[in-house]
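Worksheet for the structure shown next.
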Amino acid sequence: MADVVILGAGVSGHTAALHLSRMLGKRDLRSGNHSITVVSPNADWNWIPSNIWVGVGKMEPPQVLFPLQPVYEKRGVKFVQARATAIRPYGTGSDDDRPSVEVTYTGQDRDGESEVIPYDYLINATGPKLRFEATPGLGPDHHSYSVCTASHAADASAALGRCIESMKDGNECTLVVGMGHGTCTCEGAAFEYAFNVDHELREAGVREQARLVFLTNEAQLGDFGVDGLTFEHEGFVTHSELWASSLFRERQVEAIVGAHVERVDEGTVHYETLDGEHHSLDFDFAMLLPPFGGVPLKAYDRDGEDITDQIFAPSGFMKVDADYTPRPYEEWTVDDWPETYMAPGFDNVFATGIAFAPPHQISRPRKSPNGTVIAPSPPRTGMPSGVMGKTVATTIARKITDGEDAVPLKASMGRLGAACIASSGAGLRRGTAAAMSMLPVVPDYERYETGRDLHDTRGEIGLAGHWLKLILHYLFIYKAKGRFGWHLIPE
Amino acid sequence: MSDETSNTTPILDMSGVPLPTARTVRARTSLFKQTMRFLALNLRLLRMVRKGHASR
Ligand SMILES: Cc1cc2nc3c(=O)[nH]c(=O)nc-3n(C[C@H](O)[C@H](O)[C@H](O)COP(=O)(O)OP(=O)(O)OC[C@H]3O[C@@H](n4cnc5c(N)ncnc54)[C@H](O)[C@@H]3O)c2cc1C
């Protein structure tokens, strides 16, 4: 008998829960032979990539959300609507002396109540803490919008709509889209939102009155936090910088690169650039993504001593089997990246998706002459996050069924690929998307001259990408609902 | 480098970046061409998924 606790019901945690319930079997779960408990503060699952469409009014929040409880009920998984606050990986804290997690309820009519949940295996898939507080004035509670959650995106859409109405009345507007801090990640999402905004402005017939500025911490366009991509295109080996820049020029989206946002005031963003200069830009609408940190969890040993520093990196992400030795960019290799996502010293604790601490960035780290770090953090996008969830679920299932010595499975970002499909306008006939794929996510210069497989590392713009993005929206929601044949749909 | 706020906005100069030809732009929404691209994209993603899984 084994109890598995999964913290987080996002792309990674939910994927792990679905696969684990399939592998352990509904009958064993219902009879109490094994148990899977998913702890997550939100009652709903959110297909985050489609928040971009909510952010421009092309979709409503209910189209990207669905309730988790019925999905888990059907599969014999227990859902605890709560926020994990602490882990005790050495045991005590629970009645049976096993390792445990402390949670505080956020729903199920038990708001604010605390509970201790013992575990035999733990997956931390708590995703990011949206650190708006890192930049004064940033975020939906202050002077800029976000599309990180469905409700943030709905607010952004309403504000964009007001801006468009004002332009229809003959006014001119400046719209700023991008990254709200020098260490942000998810540049692909901001890129996608910028081109969706451009499309909306054109559809509304107000593009001429709009100045659209992409403000990014990338040193070059097309870096996407993965040090850029080298493509083979029309008989040439080219770089994503040229490819992305061409789209910016074609769509007349202005770009400011290598920028760290220092402060956002009402209608003005203040930023420093890599050359150490400070600038300000007035805006009528700003969507700036926050930097991510790990969700704040404490860790205690058997005596109640705080061992948070031992389990978590200073960023708040959980340490796993990565090589965290500090090294200069030139010495980084794929071997620095984790393979099993097992926490050091604990073969029953794993961290997957955004929750694991990466060993370093993927893009070359840069500082301004003032010492300000302006370097994209490494993205952990949907595809790798899902694969990590499934991989760890398989490892745990094997340990439970074959014994503790079962060899853990591996899914290094130095091997895994990722796809980023940035739709740049909806419509089955008129929509387009910039579709990028890369293999592997972390470049491997020993295996590939350009760091990545040129067959699978591509960038293309067209309707096909838009169709794919739309199909993925429906397909992944279908899969996440655990409907018939869900497990045949790849992560 | 300075502590002063500069009045200029350092907009990236993209005037030398190539623009797509009218033919390329048309191809991006050509139903025939994009249907082919759609199949190719799906095959590529499936190949990537297979390679990723093979790394275990
Ligand atoms: C706007 C936007 C667009 C994106 N577009 C794409 C895209 O097109 N393609 C792509 O591949 N990726 C995209 N991404 C990235 C993708 O969303 C992430 O890679 C993915 O969500 C990461 O999965 P995760 O499970 O690690 O985190 P999440 O999906 O964020 O899930 C984290 C879960 O943990 C829960 N949680 C938080 N705190 C606690 C706590 N204390 N205790 C328990 N649970 C907790 C959360 O409620 C949530 O359920 C996008 C991201 C954004 C923000």
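Residue numbering restarts at 1 in every chain; chains get A, B, ... in the order shown in the structure tokens, and ligands count up from 1 in that same order.
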Hey, which bits of chain A sit within 7 Å of chain B, and for each residue what's the closest pair of atoms and how far apart in Å (one decimal), counting only C-alpha atoms, rows by chain and increasing number, as CSV?
residue,atom,partner,partner_atom,distance
A:Leu242,CA,B:Val17,CA,6.8
A:Ser245,CA,B:Val17,CA,6.7
A:Ser246,CA,B:Val17,CA,5.7
A:Arg249,CA,B:Met14,CA,6.3
A:Glu250,CA,B:Leu19,CA,6.2
A:Glu254,CA,B:Ile11,CA,6.4
A:Ala255,CA,B:Leu12,CA,5.5
A:Ile256,CA,B:Ile11,CA,5.1
A:Asp275,CA,B:Met1,CA,6.1
A:Gly276,CA,B:Met1,CA,4.2
A:Glu277,CA,B:Met1,CA,4.9
A:His278,CA,B:Thr5,CA,4.8
A:His279,CA,B:Thr5,CA,5.1
A:Ser280,CA,B:Thr5,CA,7.0
A:Pro369,CA,B:Met1,CA,6.7
A:Leu409,CA,B:Arg56,CA,5.6
A:Lys410,CA,B:Arg56,CA,4.6
A:Ala411,CA,B:Arg56,CA,5.9
A:Arg415,CA,B:Gly52,CA,6.1
A:Leu416,CA,B:Gly52,CA,4.6
A:Gly417,CA,B:Met48,CA,6.0
A:Arg429,CA,B:Thr29,CA,6.9
A:Arg430,CA,B:Thr29,CA,6.6
A:Asp456,CA,B:Arg44,CA,6.4
A:Ile461,CA,B:Arg28,CA,6.5
A:Gly462,CA,B:Arg28,CA,4.1
A:Leu463,CA,B:Thr29,CA,5.4
A:Ala464,CA,B:Phe38,CA,4.6
A:Gly465,CA,B:Phe38,CA,7.0
Go ahead and save the residues from that selection, with N, CA, C and O atoms, as a short mmCIF file (atom, residue, chain, number, x, y, z; two decimals), in the first residue's frame.
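Output contents, as saved in again-v1.cif:
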data_model
loop_
_atom_site.label_atom_id
_atom_site.label_comp_id
_atom_site.auth_asym_id
_atom_site.auth_seq_id
_atom_site.Cartn_x
_atom_site.Cartn_y
_atom_site.Cartn_z
N LEU A 242 16.74 36.73 -36.78
CA LEU A 242 16.36 37.29 -38.08
C LEU A 242 14.89 36.98 -38.37
O LEU A 242 14.11 37.82 -38.81
N SER A 245 12.69 39.06 -36.04
CA SER A 245 12.78 40.49 -36.38
C SER A 245 11.98 40.79 -37.64
O SER A 245 11.36 41.85 -37.76
N SER A 246 12.01 39.85 -38.59
CA SER A 246 11.29 40.06 -39.84
C SER A 246 9.79 40.20 -39.57
O SER A 246 9.11 41.06 -40.15
N ARG A 249 9.13 43.62 -38.06
CA ARG A 249 9.19 44.70 -39.06
C ARG A 249 7.94 44.67 -39.93
O ARG A 249 7.32 45.71 -40.19
N GLU A 250 7.57 43.46 -40.35
CA GLU A 250 6.41 43.32 -41.23
C GLU A 250 5.15 43.85 -40.55
O GLU A 250 4.33 44.53 -41.17
N GLU A 254 7.21 47.72 -32.75
CA GLU A 254 8.52 48.22 -32.35
C GLU A 254 9.07 47.34 -31.24
O GLU A 254 8.31 46.72 -30.51
N ALA A 255 10.40 47.30 -31.11
CA ALA A 255 10.98 46.44 -30.08
C ALA A 255 12.06 47.17 -29.30
O ALA A 255 12.84 47.94 -29.85
N ILE A 256 12.06 46.92 -27.98
CA ILE A 256 13.14 47.39 -27.10
C ILE A 256 13.70 46.14 -26.46
O ILE A 256 12.97 45.39 -25.80
N ASP A 275 22.97 48.61 -21.74
CA ASP A 275 24.08 49.57 -21.76
C ASP A 275 24.12 50.42 -20.49
O ASP A 275 24.94 51.33 -20.36
N GLY A 276 23.21 50.16 -19.55
CA GLY A 276 23.22 50.87 -18.26
C GLY A 276 22.39 52.14 -18.27
O GLY A 276 22.28 52.81 -17.24
N GLU A 277 21.80 52.50 -19.41
CA GLU A 277 20.98 53.72 -19.48
C GLU A 277 19.59 53.47 -18.88
O GLU A 277 19.08 52.35 -18.94
N HIS A 278 19.02 54.52 -18.32
CA HIS A 278 17.66 54.42 -17.77
C HIS A 278 16.71 55.17 -18.70
O HIS A 278 17.04 56.26 -19.18
N HIS A 279 15.55 54.59 -18.94
CA HIS A 279 14.58 55.20 -19.87
C HIS A 279 13.18 55.13 -19.28
O HIS A 279 12.92 54.32 -18.38
N SER A 280 12.30 55.92 -19.84
CA SER A 280 10.87 55.86 -19.48
C SER A 280 10.04 55.85 -20.75
O SER A 280 10.44 56.43 -21.76
N PRO A 369 26.18 47.63 -16.98
CA PRO A 369 27.35 48.14 -16.25
C PRO A 369 27.01 48.51 -14.80
O PRO A 369 27.89 48.60 -13.95
N LEU A 409 12.92 6.61 -14.21
CA LEU A 409 12.99 6.99 -15.62
C LEU A 409 13.59 8.38 -15.75
O LEU A 409 13.62 9.15 -14.79
N LYS A 410 14.06 8.68 -16.98
CA LYS A 410 14.73 9.95 -17.20
C LYS A 410 14.02 10.79 -18.26
O LYS A 410 13.47 10.23 -19.21
N ALA A 411 14.03 12.09 -18.08
CA ALA A 411 13.44 13.00 -19.08
C ALA A 411 14.17 14.34 -18.99
O ALA A 411 13.63 15.32 -18.48
N ARG A 415 17.36 16.46 -23.69
CA ARG A 415 16.90 15.45 -24.66
C ARG A 415 15.51 15.78 -25.18
O ARG A 415 15.19 15.47 -26.32
N LEU A 416 14.70 16.38 -24.30
CA LEU A 416 13.30 16.64 -24.67
C LEU A 416 13.18 17.81 -25.62
O LEU A 416 13.95 18.76 -25.55
N GLY A 417 12.17 17.73 -26.47
CA GLY A 417 11.90 18.84 -27.36
C GLY A 417 10.80 19.72 -26.80
O GLY A 417 10.18 19.40 -25.78
N ARG A 429 -9.54 30.93 -41.62
CA ARG A 429 -8.97 31.24 -42.93
C ARG A 429 -7.91 32.33 -42.88
O ARG A 429 -6.98 32.35 -43.67
N ARG A 430 -8.06 33.25 -41.90
CA ARG A 430 -7.18 34.42 -41.92
C ARG A 430 -6.16 34.46 -40.78
O ARG A 430 -5.28 35.29 -40.75
N ASP A 456 14.41 19.00 -36.56
CA ASP A 456 13.26 19.25 -35.69
C ASP A 456 13.23 20.67 -35.14
O ASP A 456 12.24 21.07 -34.52
N ILE A 461 5.86 30.48 -40.32
CA ILE A 461 4.71 31.35 -40.07
C ILE A 461 3.62 30.98 -41.04
O ILE A 461 3.89 30.81 -42.24
N GLY A 462 2.40 30.81 -40.53
CA GLY A 462 1.30 30.49 -41.45
C GLY A 462 0.07 30.00 -40.72
O GLY A 462 0.07 29.81 -39.50
N LEU A 463 -0.95 29.78 -41.54
CA LEU A 463 -2.25 29.33 -41.05
C LEU A 463 -2.13 27.96 -40.36
O LEU A 463 -2.84 27.70 -39.38
N ALA A 464 -1.23 27.11 -40.86
CA ALA A 464 -1.10 25.75 -40.32
C ALA A 464 -0.83 25.78 -38.81
O ALA A 464 -1.39 25.01 -38.05
N GLY A 465 0.05 26.70 -38.40
CA GLY A 465 0.37 26.84 -36.98
C GLY A 465 -0.86 27.23 -36.18
O GLY A 465 -1.09 26.75 -35.06
#
- Item | Distance filter 6 Å around ligand 1, atoms: only C-alpha atoms and all ligand atoms, out as an MDAnalysis selection string | chainID A and resid 7:13 39:42 48:49 51:52 83:85 125:128 147:148 189 295 353:355 380:383 385 420:421
Mind writing the picked residues with N, CA, C and O atoms as a short mmCIF file (atom, residue, chain, number, x, y, z; two decimals), in the first residue's frame?
data_model
loop_
_atom_site.label_atom_id
_atom_site.label_comp_id
_atom_site.auth_asym_id
_atom_site.auth_seq_id
_atom_site.Cartn_x
_atom_site.Cartn_y
_atom_site.Cartn_z
N LEU A 7 1.42 17.86 -5.28
CA LEU A 7 1.13 19.27 -5.00
C LEU A 7 1.04 20.01 -6.32
O LEU A 7 2.03 20.08 -7.06
N GLY A 8 -0.13 20.55 -6.62
CA GLY A 8 -0.30 21.30 -7.87
C GLY A 8 -1.06 20.49 -8.89
O GLY A 8 -0.79 19.30 -9.09
N ALA A 9 -2.06 21.13 -9.51
CA ALA A 9 -2.87 20.45 -10.53
C ALA A 9 -2.79 21.25 -11.82
O ALA A 9 -3.80 21.55 -12.45
N GLY A 10 -1.58 21.60 -12.20
CA GLY A 10 -1.39 22.30 -13.48
C GLY A 10 -0.97 21.28 -14.53
O GLY A 10 -1.26 20.09 -14.42
N VAL A 11 -0.27 21.75 -15.54
CA VAL A 11 0.12 20.86 -16.64
C VAL A 11 0.87 19.64 -16.10
O VAL A 11 0.56 18.50 -16.42
N SER A 12 1.85 19.88 -15.22
CA SER A 12 2.71 18.79 -14.77
C SER A 12 2.03 17.89 -13.73
O SER A 12 2.00 16.67 -13.88
N GLY A 13 1.47 18.50 -12.68
CA GLY A 13 0.86 17.72 -11.60
C GLY A 13 -0.36 16.96 -12.06
O GLY A 13 -0.56 15.80 -11.69
N VAL A 39 -3.27 18.09 -4.21
CA VAL A 39 -3.51 19.30 -3.42
C VAL A 39 -3.32 20.49 -4.35
O VAL A 39 -2.26 20.64 -4.97
N SER A 40 -4.34 21.32 -4.49
CA SER A 40 -4.20 22.51 -5.33
C SER A 40 -5.16 23.59 -4.85
O SER A 40 -6.30 23.27 -4.49
N PRO A 41 -4.74 24.86 -4.82
CA PRO A 41 -5.60 25.89 -4.24
C PRO A 41 -6.79 26.29 -5.11
O PRO A 41 -7.75 26.86 -4.61
N ASN A 42 -6.71 25.96 -6.41
CA ASN A 42 -7.82 26.36 -7.30
C ASN A 42 -8.69 25.16 -7.63
O ASN A 42 -8.19 24.06 -7.86
N ILE A 48 -3.46 27.14 -19.69
CA ILE A 48 -2.82 28.46 -19.64
C ILE A 48 -2.48 29.03 -21.04
O ILE A 48 -2.70 30.22 -21.28
N PRO A 49 -1.96 28.20 -21.98
CA PRO A 49 -1.63 28.79 -23.28
C PRO A 49 -2.78 29.56 -23.94
O PRO A 49 -2.57 30.54 -24.64
N ASN A 51 -4.92 31.35 -22.45
CA ASN A 51 -5.20 32.63 -21.76
C ASN A 51 -4.88 33.81 -22.69
O ASN A 51 -5.42 34.89 -22.55
N ILE A 52 -3.95 33.57 -23.62
CA ILE A 52 -3.60 34.62 -24.59
C ILE A 52 -4.85 35.06 -25.35
O ILE A 52 -5.09 36.26 -25.54
N ARG A 83 -3.69 24.93 -0.19
CA ARG A 83 -2.37 25.43 -0.53
C ARG A 83 -1.37 24.67 0.36
O ARG A 83 -1.54 24.67 1.59
N ALA A 84 -0.38 24.01 -0.24
CA ALA A 84 0.65 23.37 0.59
C ALA A 84 1.50 24.48 1.20
O ALA A 84 1.79 25.48 0.53
N THR A 85 1.87 24.32 2.47
CA THR A 85 2.67 25.37 3.11
C THR A 85 4.03 24.85 3.57
O THR A 85 4.99 25.61 3.64
N ALA A 125 4.61 19.89 -7.87
CA ALA A 125 4.38 20.45 -9.21
C ALA A 125 3.60 21.75 -9.03
O ALA A 125 2.57 21.96 -9.68
N THR A 126 4.10 22.58 -8.12
CA THR A 126 3.35 23.79 -7.74
C THR A 126 3.53 24.95 -8.71
O THR A 126 2.98 26.03 -8.48
N GLY A 127 4.32 24.74 -9.78
CA GLY A 127 4.44 25.80 -10.80
C GLY A 127 5.09 27.06 -10.25
O GLY A 127 5.87 27.01 -9.29
N PRO A 128 4.77 28.21 -10.85
CA PRO A 128 5.44 29.44 -10.44
C PRO A 128 4.66 30.25 -9.40
O PRO A 128 3.43 30.20 -9.36
N VAL A 147 -1.45 38.14 -18.31
CA VAL A 147 -2.31 37.10 -18.89
C VAL A 147 -1.98 35.74 -18.27
O VAL A 147 -2.27 34.71 -18.84
N CYS A 148 -1.35 35.77 -17.07
CA CYS A 148 -0.89 34.52 -16.47
C CYS A 148 -2.03 33.65 -15.96
O CYS A 148 -1.89 32.44 -15.89
N ALA A 189 5.30 33.70 -24.63
CA ALA A 189 3.92 34.08 -24.32
C ALA A 189 3.71 35.58 -24.58
O ALA A 189 2.68 35.98 -25.15
N VAL A 295 6.94 28.57 -5.55
CA VAL A 295 5.86 28.79 -4.58
C VAL A 295 6.45 28.62 -3.18
O VAL A 295 7.16 27.65 -2.93
N GLY A 353 8.03 20.16 -13.78
CA GLY A 353 7.50 21.37 -14.40
C GLY A 353 8.27 22.59 -13.91
O GLY A 353 9.49 22.52 -13.70
N ILE A 354 7.58 23.67 -13.70
CA ILE A 354 8.26 24.91 -13.31
C ILE A 354 8.80 24.82 -11.88
O ILE A 354 9.72 25.54 -11.52
N ALA A 355 8.30 23.87 -11.07
CA ALA A 355 8.67 23.81 -9.65
C ALA A 355 10.11 23.37 -9.39
O ALA A 355 10.63 23.62 -8.31
N ARG A 380 10.16 26.60 -18.83
CA ARG A 380 9.79 25.18 -18.74
C ARG A 380 8.38 25.13 -19.28
O ARG A 380 7.42 25.33 -18.56
N THR A 381 8.30 24.91 -20.59
CA THR A 381 7.01 25.04 -21.27
C THR A 381 6.16 23.78 -21.09
O THR A 381 6.57 22.82 -20.43
N GLY A 382 4.98 23.81 -21.71
CA GLY A 382 3.99 22.77 -21.49
C GLY A 382 4.46 21.36 -21.82
O GLY A 382 4.26 20.43 -21.04
N MET A 383 5.07 21.21 -23.00
CA MET A 383 5.43 19.86 -23.44
C MET A 383 6.43 19.20 -22.46
O MET A 383 6.14 18.11 -21.94
N SER A 385 6.99 20.01 -19.36
CA SER A 385 6.36 19.90 -18.04
C SER A 385 5.45 18.68 -17.99
O SER A 385 5.42 17.95 -16.99
N CYS A 420 6.61 25.77 -29.49
CA CYS A 420 6.00 27.02 -29.05
C CYS A 420 5.23 27.54 -30.26
O CYS A 420 5.83 27.86 -31.28
N ILE A 421 3.93 27.54 -30.14
CA ILE A 421 3.13 28.02 -31.26
C ILE A 421 2.49 29.33 -30.84
O ILE A 421 1.60 29.34 -29.99
#
- Can you list, as number ranges by chain, every residue of segment 153-184 of chain A that DSSP puts in strand (DSSP E or B)? A: 173-179
- Message: Going by DSSP on the backbone, which residues of segment 107-303 of chain A come out as helix (DSSP H, G or I)? List them as an MDAnalysis selection string.
- Response: chainID A and resid 132:134 150:168 187:203 207:209 240:251
